[in-house]
file input-v9.txt (compact mmCIF, C-alpha atoms)
# COMPACT_ATOMS: atom_id res chain seq x y z
CA MET A 1 -14.13 14.75 41.03
CA THR A 2 -13.64 18.46 41.60
CA LYS A 3 -15.13 20.43 44.48
CA ILE A 4 -17.53 22.26 42.17
CA GLN A 5 -18.86 18.97 40.80
CA LYS A 6 -19.30 17.64 44.33
CA ILE A 7 -21.16 20.77 45.45
CA ILE A 8 -23.46 20.64 42.41
CA LEU A 9 -24.19 16.94 42.96
CA ILE A 10 -24.89 17.49 46.67
CA LEU A 11 -27.30 20.36 45.91
CA LEU A 12 -29.09 18.30 43.26
CA ASN A 13 -29.32 15.41 45.71
CA VAL A 14 -30.86 17.66 48.41
CA VAL A 15 -33.42 19.08 45.95
CA PHE A 16 -34.30 15.61 44.70
CA PHE A 17 -34.60 14.28 48.27
CA PHE A 18 -36.89 17.17 49.23
CA TYR A 19 -39.04 16.52 46.19
CA ILE A 20 -39.30 12.78 46.93
CA VAL A 21 -40.26 13.41 50.58
CA VAL A 22 -42.98 15.89 49.63
CA VAL A 23 -44.42 13.61 46.94
CA SER A 24 -44.32 10.60 49.27
CA LEU A 25 -46.10 12.43 52.07
CA SER A 26 -48.74 13.82 49.74
CA LEU A 27 -49.47 10.36 48.30
CA TYR A 28 -49.50 8.69 51.72
CA PRO A 29 -53.34 8.48 52.03
CA ILE A 30 -53.55 6.43 48.84
CA MET A 31 -51.25 3.69 50.12
CA ALA A 32 -53.12 3.05 53.42
CA LEU A 33 -50.01 2.15 55.37
CA PRO A 34 -50.30 1.17 59.06
CA MET A 35 -48.26 4.23 60.13
CA ASP A 36 -50.11 7.42 60.97
CA LEU A 37 -48.65 10.25 58.93
CA GLN A 38 -51.96 12.03 58.50
CA PHE A 39 -50.69 15.24 60.07
CA PHE A 40 -47.83 15.58 57.57
CA SER A 41 -49.95 14.71 54.56
CA GLN A 42 -52.62 17.27 55.58
CA LEU A 43 -49.88 19.84 56.12
CA ILE A 44 -48.70 19.34 52.55
CA LEU A 45 -52.09 19.03 50.85
CA LYS A 46 -53.50 22.18 52.46
CA ASN A 47 -50.45 24.32 51.77
CA THR A 48 -50.96 25.77 48.29
CA LEU A 49 -47.54 27.46 48.25
CA LEU A 50 -45.82 24.13 48.86
CA LEU A 51 -47.92 22.43 46.17
CA GLN A 52 -46.97 25.14 43.67
CA LEU A 53 -43.32 24.71 44.62
CA VAL A 54 -43.56 20.96 44.05
CA PHE A 55 -45.23 21.54 40.67
CA TRP A 56 -42.54 23.94 39.44
CA MET A 57 -39.78 21.71 40.81
CA SER A 58 -41.19 18.78 38.88
CA MET A 59 -41.37 20.89 35.71
CA ALA A 60 -37.76 22.03 36.18
CA MET A 61 -36.59 18.48 36.88
CA GLY A 62 -38.37 17.29 33.74
CA ILE A 63 -36.64 19.94 31.62
CA VAL A 64 -33.26 19.17 33.20
CA SER A 65 -33.74 15.46 32.54
CA ILE A 66 -34.53 16.17 28.87
CA ILE A 67 -31.42 18.36 28.57
CA ILE A 68 -29.26 15.68 30.20
CA PHE A 69 -30.72 13.06 27.89
CA LEU A 70 -29.96 15.16 24.80
CA TYR A 71 -26.46 15.92 26.12
CA LEU A 72 -25.72 12.23 26.60
CA ILE A 73 -26.95 11.37 23.13
CA LEU A 74 -25.47 14.26 21.15
CA TYR A 75 -22.24 15.07 22.99
CA PRO A 76 -19.26 13.78 21.03
CA ARG A 77 -17.22 11.10 22.66
CA ARG A 78 -13.68 12.11 23.56
CA GLU A 79 -11.06 9.56 22.74
CA SER A 80 -7.91 9.09 24.74
CA LYS A 81 -6.55 6.32 22.52
CA PHE A 82 -6.45 5.80 18.79
CA VAL A 83 -6.60 2.29 17.41
CA VAL A 84 -4.74 1.83 14.14
CA PRO A 85 -5.73 -1.44 12.44
CA GLY A 86 -3.02 -3.37 10.65
CA THR A 87 -2.46 -6.68 8.91
CA ASN A 88 -0.82 -8.30 11.96
CA GLY A 89 -3.17 -6.79 14.52
CA SER A 90 -4.00 -3.35 15.77
CA LEU A 91 -1.84 -0.65 17.28
CA THR A 92 -3.14 1.51 20.11
CA ILE A 93 -1.71 5.03 20.38
CA ASP A 94 -2.35 7.16 23.44
CA LYS A 95 -2.88 10.94 23.38
CA SER A 96 0.24 11.37 25.49
CA ALA A 97 2.25 9.82 22.65
CA ILE A 98 0.95 12.50 20.28
CA GLU A 99 1.82 15.14 22.87
CA ALA A 100 5.34 13.70 23.16
CA LEU A 101 5.69 13.63 19.35
CA THR A 102 4.64 17.29 19.20
CA LYS A 103 7.10 18.29 21.94
CA ALA A 104 9.90 16.38 20.23
CA SER A 105 9.11 18.14 16.96
CA LEU A 106 9.14 21.50 18.74
CA ASP A 107 12.49 20.71 20.35
CA GLU A 108 13.86 19.76 16.93
CA LYS A 109 12.75 23.00 15.26
CA ASN A 110 13.58 25.10 18.34
CA PHE A 111 11.43 28.15 17.60
CA ILE A 112 9.30 28.06 20.75
CA THR A 113 10.52 28.28 24.32
CA SER A 114 8.73 26.47 27.15
CA PRO A 115 5.93 24.93 25.04
CA ARG A 116 2.78 23.53 26.61
CA VAL A 117 0.96 21.00 24.44
CA LYS A 118 -2.68 20.02 24.83
CA VAL A 119 -4.27 17.35 22.65
CA SER A 120 -8.00 16.81 22.42
CA ALA A 121 -9.56 14.13 20.27
CA ILE A 122 -13.21 13.82 19.34
CA ARG A 123 -14.24 11.04 17.01
CA LYS A 124 -12.20 11.61 13.85
CA LYS A 125 -10.84 15.02 14.71
CA LEU A 126 -7.57 15.71 16.46
CA HIS A 127 -6.95 19.19 17.85
CA ILE A 128 -3.46 20.13 19.06
CA SER A 129 -2.91 23.40 20.92
CA VAL A 130 0.63 24.61 21.50
CA ILE A 131 1.11 27.50 23.89
CA GLY A 132 4.57 28.97 24.22
CA GLU A 133 6.78 31.93 23.63
CA LEU A 134 7.83 32.29 20.01
CA LYS A 135 11.47 33.20 19.57
CA ARG A 136 12.15 36.45 17.79
CA THR A 137 14.87 35.71 15.28
CA SER A 138 14.94 36.44 11.56
CA HIS A 139 15.59 32.87 10.38
CA LEU A 140 12.43 31.63 12.13
CA ILE A 141 10.04 33.88 10.21
CA ASN A 142 7.23 31.83 8.61
CA GLN A 143 8.52 28.60 10.16
CA GLU A 144 5.15 28.00 11.82
CA GLU A 145 3.33 26.78 8.71
CA ALA A 146 6.22 24.55 7.66
CA TRP A 147 6.32 23.05 11.16
CA LYS A 148 2.55 22.52 11.21
CA ASN A 149 2.65 20.68 7.86
CA HIS A 150 5.61 18.57 9.00
CA LEU A 151 3.86 17.64 12.27
CA ARG A 152 0.59 16.91 10.43
CA ASN A 153 2.46 14.50 8.12
CA ASP A 154 4.23 12.84 11.07
CA ILE A 155 0.93 12.26 12.88
CA ARG A 156 -0.69 10.89 9.70
CA ARG A 157 2.19 8.41 9.34
CA LEU A 158 1.87 7.49 13.01
CA LEU A 159 -1.89 6.94 12.88
CA GLY A 160 -1.91 5.44 9.42
CA GLU A 161 -2.39 7.07 6.05
CA GLU A 162 -5.71 5.32 5.41
CA LYS A 163 -7.38 6.80 8.50
CA ASP A 164 -9.50 9.82 7.67
CA ILE A 165 -8.67 12.06 10.64
CA LYS A 166 -8.84 15.84 10.54
CA ILE A 167 -5.85 17.36 12.31
CA ASP A 168 -5.99 20.97 13.55
CA ILE A 169 -2.86 22.56 14.98
CA ASP A 170 -2.97 25.93 16.72
CA LEU A 171 0.00 27.95 17.94
CA PHE A 172 -0.56 30.54 20.63
CA ASN A 173 2.13 33.03 21.50
CA SER A 174 2.33 33.70 25.22
CA TYR A 175 4.96 36.42 24.83
CA LYS A 176 4.43 39.27 27.21
CA GLU A 177 6.04 42.58 26.42
CA SER A 178 8.25 43.76 29.25
CA ASN A 179 9.45 47.23 30.09
CA THR A 180 12.94 46.51 28.74
CA ASP A 181 11.47 45.78 25.30
CA LYS A 182 10.07 49.26 24.99
CA ARG A 183 12.63 51.64 23.70
CA GLU A 184 12.30 55.22 24.69
CA THR A 185 13.13 57.91 22.24
CA ARG A 186 16.42 59.62 22.74
CA VAL A 187 15.36 62.88 21.21
CA ILE A 188 14.16 65.46 23.64
call {"tool": "encode", "arguments": {"input": "input-v9.txt", "output": "structure tokens"}}
result
Amino acid sequence: MTKIQKIILILLNVVFFFYIVVVSLSLYPIMALPMDLQFFSQLILKNTLLLQLVFWMSMAMGIVSIIIFLYLILYPRRESKFVVPGTNGSLTIDKSAIEALTKASLDEKNFITSPRVKVSAIRKKLHISVIGELKRTSHLINQEEAWKNHLRNDIRRLLGEEKDIKIDIDLFNSYKESNTDKRETRVI
């Protein structure tokens, strides 16, 4: 869990705790408990600003709970493993295997230096992002599409031809132009 997630969860927990305490103290007279918390309940019930705050907090918490509910229902499930059924059983393929296959294919074609591969899978869609520096040689012109089609066919064979999986492959060039690449004119 990251620090940002922890901070958000702690803040939500504090808000929820505050809300529960205020509601509990305002409903104390109804329960008729043997403890005397009359002072606190009167402090809450006579404070209109606090009651308005509790009302708007409950409205906000209701909206947040509806949004979380819709997110949990509608958000696509990310898969880290693909299960390929077969006649003798099923084969489980991990995302890291697809990353390794992509890196091996890049090493074979050798038109990208220092590639970084990221694979994300949602239901029946596989998205592969390759970030690297494209080499600038004449024999590698238009090799990207041929490599993408070759990799797409390799992954289809790996996962199984009968599986209906959409495969998207994106290449991003991280080449940064340096000062030595710029040629100054020699004419004065």
call {"tool": "atom_distance", "arguments": {"input": "input-v9.txt", "atom1": "atom CA of A:Lys103", "atom2": "atom CA of A:Lys124"}}
result
22.0 Å
call {"tool": "atom_distance", "arguments": {"input": "input-v9.txt", "atom1": "atom CA of A:Phe39", "atom2": "atom CA of A:Leu53"}}
result
19.6 Å
call {"tool": "atom_distance", "arguments": {"input": "input-v9.txt", "atom1": "atom CA of A:Glu144", "atom2": "atom CA of A:Ser120"}}
result
20.3 Å
call {"tool": "residues_around", "arguments": {"input": "input-v9.txt", "residues": "A:Val117", "least_positions_apart": "5", "cutoff": "12 Å", "atoms": "only C-alpha atoms", "output": "PyMOL selection string"}}
result
chain A and resi 95-106+112+127-132+169-172
call {"tool": "closest_residue", "arguments": {"input": "input-v9.txt", "among": "A:Ile4, A:Leu25, A:Phe55, A:Leu11", "to": "A:Gln42", "atoms": "only C-alpha atoms"}}
result
A:Leu25
call {"tool": "closest_residue", "arguments": {"input": "input-v9.txt", "among": "A:Glu133, A:Asp154, A:Glu161, A:Glu145", "to": "A:Ser174", "atoms": "only C-alpha atoms"}}
result
A:Glu133
call {"tool": "closest_residue", "arguments": {"input": "input-v9.txt", "among": "A:Phe16, A:Glu162, A:Arg136, A:Ile167", "to": "A:Ala60", "atoms": "only C-alpha atoms"}}
result
A:Phe16
call {"tool": "closest_residue", "arguments": {"input": "input-v9.txt", "among": "A:Lys166, A:Leu51, A:Gly160, A:Arg116", "to": "A:Val23", "atoms": "all atoms listed in the file"}}
result
A:Leu51
call {"tool": "closest_residue", "arguments": {"input": "input-v9.txt", "among": "A:Leu159, A:Lys46, A:Tyr75, A:Val187", "to": "A:Ser90", "atoms": "all atoms listed in the file"}}
result
A:Leu159
call {"tool": "decode", "arguments": {"input": "input-v9.txt", "residues": "stretch 106-118 of chain A", "atoms": "all heavy atoms", "output": "PDB file, in the first residue's frame"}}
result
ATOM      1  N   LEU A 106      11.938  -8.256 -29.343  1.00  0.00           N
ATOM      2  CA  LEU A 106      12.648  -6.992 -29.582  1.00  0.00           C
ATOM      3  C   LEU A 106      14.146  -7.216 -29.725  1.00  0.00           C
ATOM      4  O   LEU A 106      14.801  -6.580 -30.553  1.00  0.00           O
ATOM      5  CB  LEU A 106      12.366  -6.002 -28.453  1.00  0.00           C
ATOM      6  CG  LEU A 106      11.004  -5.337 -28.454  1.00  0.00           C
ATOM      7  CD1 LEU A 106      10.781  -4.588 -27.149  1.00  0.00           C
ATOM      8  CD2 LEU A 106      10.862  -4.412 -29.627  1.00  0.00           C
ATOM      9  N   ASP A 107      14.689  -8.110 -28.902  1.00  0.00           N
ATOM     10  CA  ASP A 107      16.117  -8.414 -29.003  1.00  0.00           C
ATOM     11  C   ASP A 107      16.444  -9.080 -30.333  1.00  0.00           C
ATOM     12  O   ASP A 107      17.505  -8.869 -30.905  1.00  0.00           O
ATOM     13  CB  ASP A 107      16.563  -9.318 -27.845  1.00  0.00           C
ATOM     14  CG  ASP A 107      16.577  -8.570 -26.521  1.00  0.00           C
ATOM     15  OD1 ASP A 107      16.610  -7.320 -26.545  1.00  0.00           O
ATOM     16  OD2 ASP A 107      16.553  -9.238 -25.466  1.00  0.00           O
ATOM     17  N   GLU A 108      15.514  -9.894 -30.822  1.00  0.00           N
ATOM     18  CA  GLU A 108      15.710 -10.581 -32.103  1.00  0.00           C
ATOM     19  C   GLU A 108      15.717  -9.590 -33.262  1.00  0.00           C
ATOM     20  O   GLU A 108      16.556  -9.671 -34.157  1.00  0.00           O
ATOM     21  CB  GLU A 108      14.588 -11.605 -32.298  1.00  0.00           C
ATOM     22  CG  GLU A 108      14.632 -12.375 -33.575  1.00  0.00           C
ATOM     23  CD  GLU A 108      13.429 -13.281 -33.689  1.00  0.00           C
ATOM     24  OE1 GLU A 108      13.089 -13.938 -32.695  1.00  0.00           O
ATOM     25  OE2 GLU A 108      12.839 -13.315 -34.780  1.00  0.00           O
ATOM     26  N   LYS A 109      14.787  -8.651 -33.266  1.00  0.00           N
ATOM     27  CA  LYS A 109      14.694  -7.675 -34.354  1.00  0.00           C
ATOM     28  C   LYS A 109      15.735  -6.567 -34.213  1.00  0.00           C
ATOM     29  O   LYS A 109      16.174  -6.002 -35.199  1.00  0.00           O
ATOM     30  CB  LYS A 109      13.295  -7.046 -34.410  1.00  0.00           C
ATOM     31  CG  LYS A 109      12.227  -8.024 -34.788  1.00  0.00           C
ATOM     32  CD  LYS A 109      12.396  -8.483 -36.200  1.00  0.00           C
ATOM     33  CE  LYS A 109      11.286  -9.450 -36.544  1.00  0.00           C
ATOM     34  NZ  LYS A 109      11.436 -10.005 -37.863  1.00  0.00           N
ATOM     35  N   ASN A 110      16.078  -6.216 -32.978  1.00  0.00           N
ATOM     36  CA  ASN A 110      17.141  -5.269 -32.675  1.00  0.00           C
ATOM     37  C   ASN A 110      16.937  -3.906 -33.358  1.00  0.00           C
ATOM     38  O   ASN A 110      17.835  -3.406 -34.019  1.00  0.00           O
ATOM     39  CB  ASN A 110      18.497  -5.874 -33.047  1.00  0.00           C
ATOM     40  CG  ASN A 110      19.627  -5.139 -32.349  1.00  0.00           C
ATOM     41  OD1 ASN A 110      19.405  -4.453 -31.365  1.00  0.00           O
ATOM     42  ND2 ASN A 110      20.817  -5.294 -32.866  1.00  0.00           N
ATOM     43  N   PHE A 111      15.771  -3.320 -33.193  1.00  0.00           N
ATOM     44  CA  PHE A 111      15.560  -1.963 -33.705  1.00  0.00           C
ATOM     45  C   PHE A 111      15.194  -0.978 -32.610  1.00  0.00           C
ATOM     46  O   PHE A 111      14.938   0.188 -32.873  1.00  0.00           O
ATOM     47  CB  PHE A 111      14.517  -1.932 -34.836  1.00  0.00           C
ATOM     48  CG  PHE A 111      13.116  -2.224 -34.415  1.00  0.00           C
ATOM     49  CD1 PHE A 111      12.250  -1.206 -34.088  1.00  0.00           C
ATOM     50  CD2 PHE A 111      12.652  -3.525 -34.356  1.00  0.00           C
ATOM     51  CE1 PHE A 111      10.949  -1.469 -33.715  1.00  0.00           C
ATOM     52  CE2 PHE A 111      11.365  -3.804 -33.982  1.00  0.00           C
ATOM     53  CZ  PHE A 111      10.506  -2.773 -33.661  1.00  0.00           C
ATOM     54  N   ILE A 112      15.235  -1.442 -31.365  1.00  0.00           N
ATOM     55  CA  ILE A 112      14.971  -0.570 -30.216  1.00  0.00           C
ATOM     56  C   ILE A 112      16.069  -0.815 -29.187  1.00  0.00           C
ATOM     57  O   ILE A 112      16.398  -1.956 -28.894  1.00  0.00           O
ATOM     58  CB  ILE A 112      13.593  -0.864 -29.598  1.00  0.00           C
ATOM     59  CG1 ILE A 112      12.519  -0.144 -30.355  1.00  0.00           C
ATOM     60  CG2 ILE A 112      13.521  -0.491 -28.162  1.00  0.00           C
ATOM     61  CD1 ILE A 112      11.158  -0.207 -29.743  1.00  0.00           C
ATOM     62  N   THR A 113      16.600   0.264 -28.640  1.00  0.00           N
ATOM     63  CA  THR A 113      17.587   0.115 -27.571  1.00  0.00           C
ATOM     64  C   THR A 113      16.913   0.395 -26.237  1.00  0.00           C
ATOM     65  O   THR A 113      16.038   1.233 -26.138  1.00  0.00           O
ATOM     66  CB  THR A 113      18.765   1.101 -27.763  1.00  0.00           C
ATOM     67  OG1 THR A 113      18.252   2.417 -27.831  1.00  0.00           O
ATOM     68  CG2 THR A 113      19.532   0.790 -29.030  1.00  0.00           C
ATOM     69  N   SER A 114      17.319  -0.326 -25.247  1.00  0.00           N
ATOM     70  CA  SER A 114      16.815  -0.248 -23.867  1.00  0.00           C
ATOM     71  C   SER A 114      15.287  -0.201 -23.801  1.00  0.00           C
ATOM     72  O   SER A 114      14.707   0.775 -23.333  1.00  0.00           O
ATOM     73  CB  SER A 114      17.424   0.931 -23.123  1.00  0.00           C
ATOM     74  OG  SER A 114      17.022   2.140 -23.722  1.00  0.00           O
ATOM     75  N   PRO A 115      14.612  -1.266 -24.263  1.00  0.00           N
ATOM     76  CA  PRO A 115      13.144  -1.253 -24.234  1.00  0.00           C
ATOM     77  C   PRO A 115      12.595  -1.515 -22.833  1.00  0.00           C
ATOM     78  O   PRO A 115      13.157  -2.274 -22.059  1.00  0.00           O
ATOM     79  CB  PRO A 115      12.762  -2.382 -25.178  1.00  0.00           C
ATOM     80  CG  PRO A 115      13.895  -3.333 -25.077  1.00  0.00           C
ATOM     81  CD  PRO A 115      15.132  -2.496 -24.853  1.00  0.00           C
ATOM     82  N   ARG A 116      11.498  -0.845 -22.535  1.00  0.00           N
ATOM     83  CA  ARG A 116      10.729  -1.115 -21.321  1.00  0.00           C
ATOM     84  C   ARG A 116       9.358  -1.584 -21.772  1.00  0.00           C
ATOM     85  O   ARG A 116       8.678  -0.891 -22.525  1.00  0.00           O
ATOM     86  CB  ARG A 116      10.597   0.128 -20.448  1.00  0.00           C
ATOM     87  CG  ARG A 116      11.901   0.522 -19.773  1.00  0.00           C
ATOM     88  CD  ARG A 116      11.737   1.791 -19.034  1.00  0.00           C
ATOM     89  NE  ARG A 116      11.500   2.833 -20.043  1.00  0.00           N
ATOM     90  CZ  ARG A 116      11.186   4.075 -19.771  1.00  0.00           C
ATOM     91  NH1 ARG A 116      11.041   4.464 -18.546  1.00  0.00           N
ATOM     92  NH2 ARG A 116      10.988   4.948 -20.732  1.00  0.00           N
ATOM     93  N   VAL A 117       8.939  -2.744 -21.281  1.00  0.00           N
ATOM     94  CA  VAL A 117       7.690  -3.359 -21.717  1.00  0.00           C
ATOM     95  C   VAL A 117       6.718  -3.365 -20.551  1.00  0.00           C
ATOM     96  O   VAL A 117       7.067  -3.736 -19.427  1.00  0.00           O
ATOM     97  CB  VAL A 117       7.925  -4.798 -22.224  1.00  0.00           C
ATOM     98  CG1 VAL A 117       6.620  -5.443 -22.633  1.00  0.00           C
ATOM     99  CG2 VAL A 117       8.908  -4.802 -23.379  1.00  0.00           C
ATOM    100  N   LYS A 118       5.496  -2.937 -20.834  1.00  0.00           N
ATOM    101  CA  LYS A 118       4.433  -2.961 -19.824  1.00  0.00           C
ATOM    102  C   LYS A 118       3.220  -3.641 -20.440  1.00  0.00           C
ATOM    103  O   LYS A 118       2.752  -3.255 -21.507  1.00  0.00           O
ATOM    104  CB  LYS A 118       4.084  -1.536 -19.408  1.00  0.00           C
ATOM    105  CG  LYS A 118       3.025  -1.468 -18.336  1.00  0.00           C
ATOM    106  CD  LYS A 118       2.717  -0.029 -17.976  1.00  0.00           C
ATOM    107  CE  LYS A 118       1.576   0.004 -16.994  1.00  0.00           C
ATOM    108  NZ  LYS A 118       1.135   1.363 -16.722  1.00  0.00           N
TER     109      LYS A 118
END
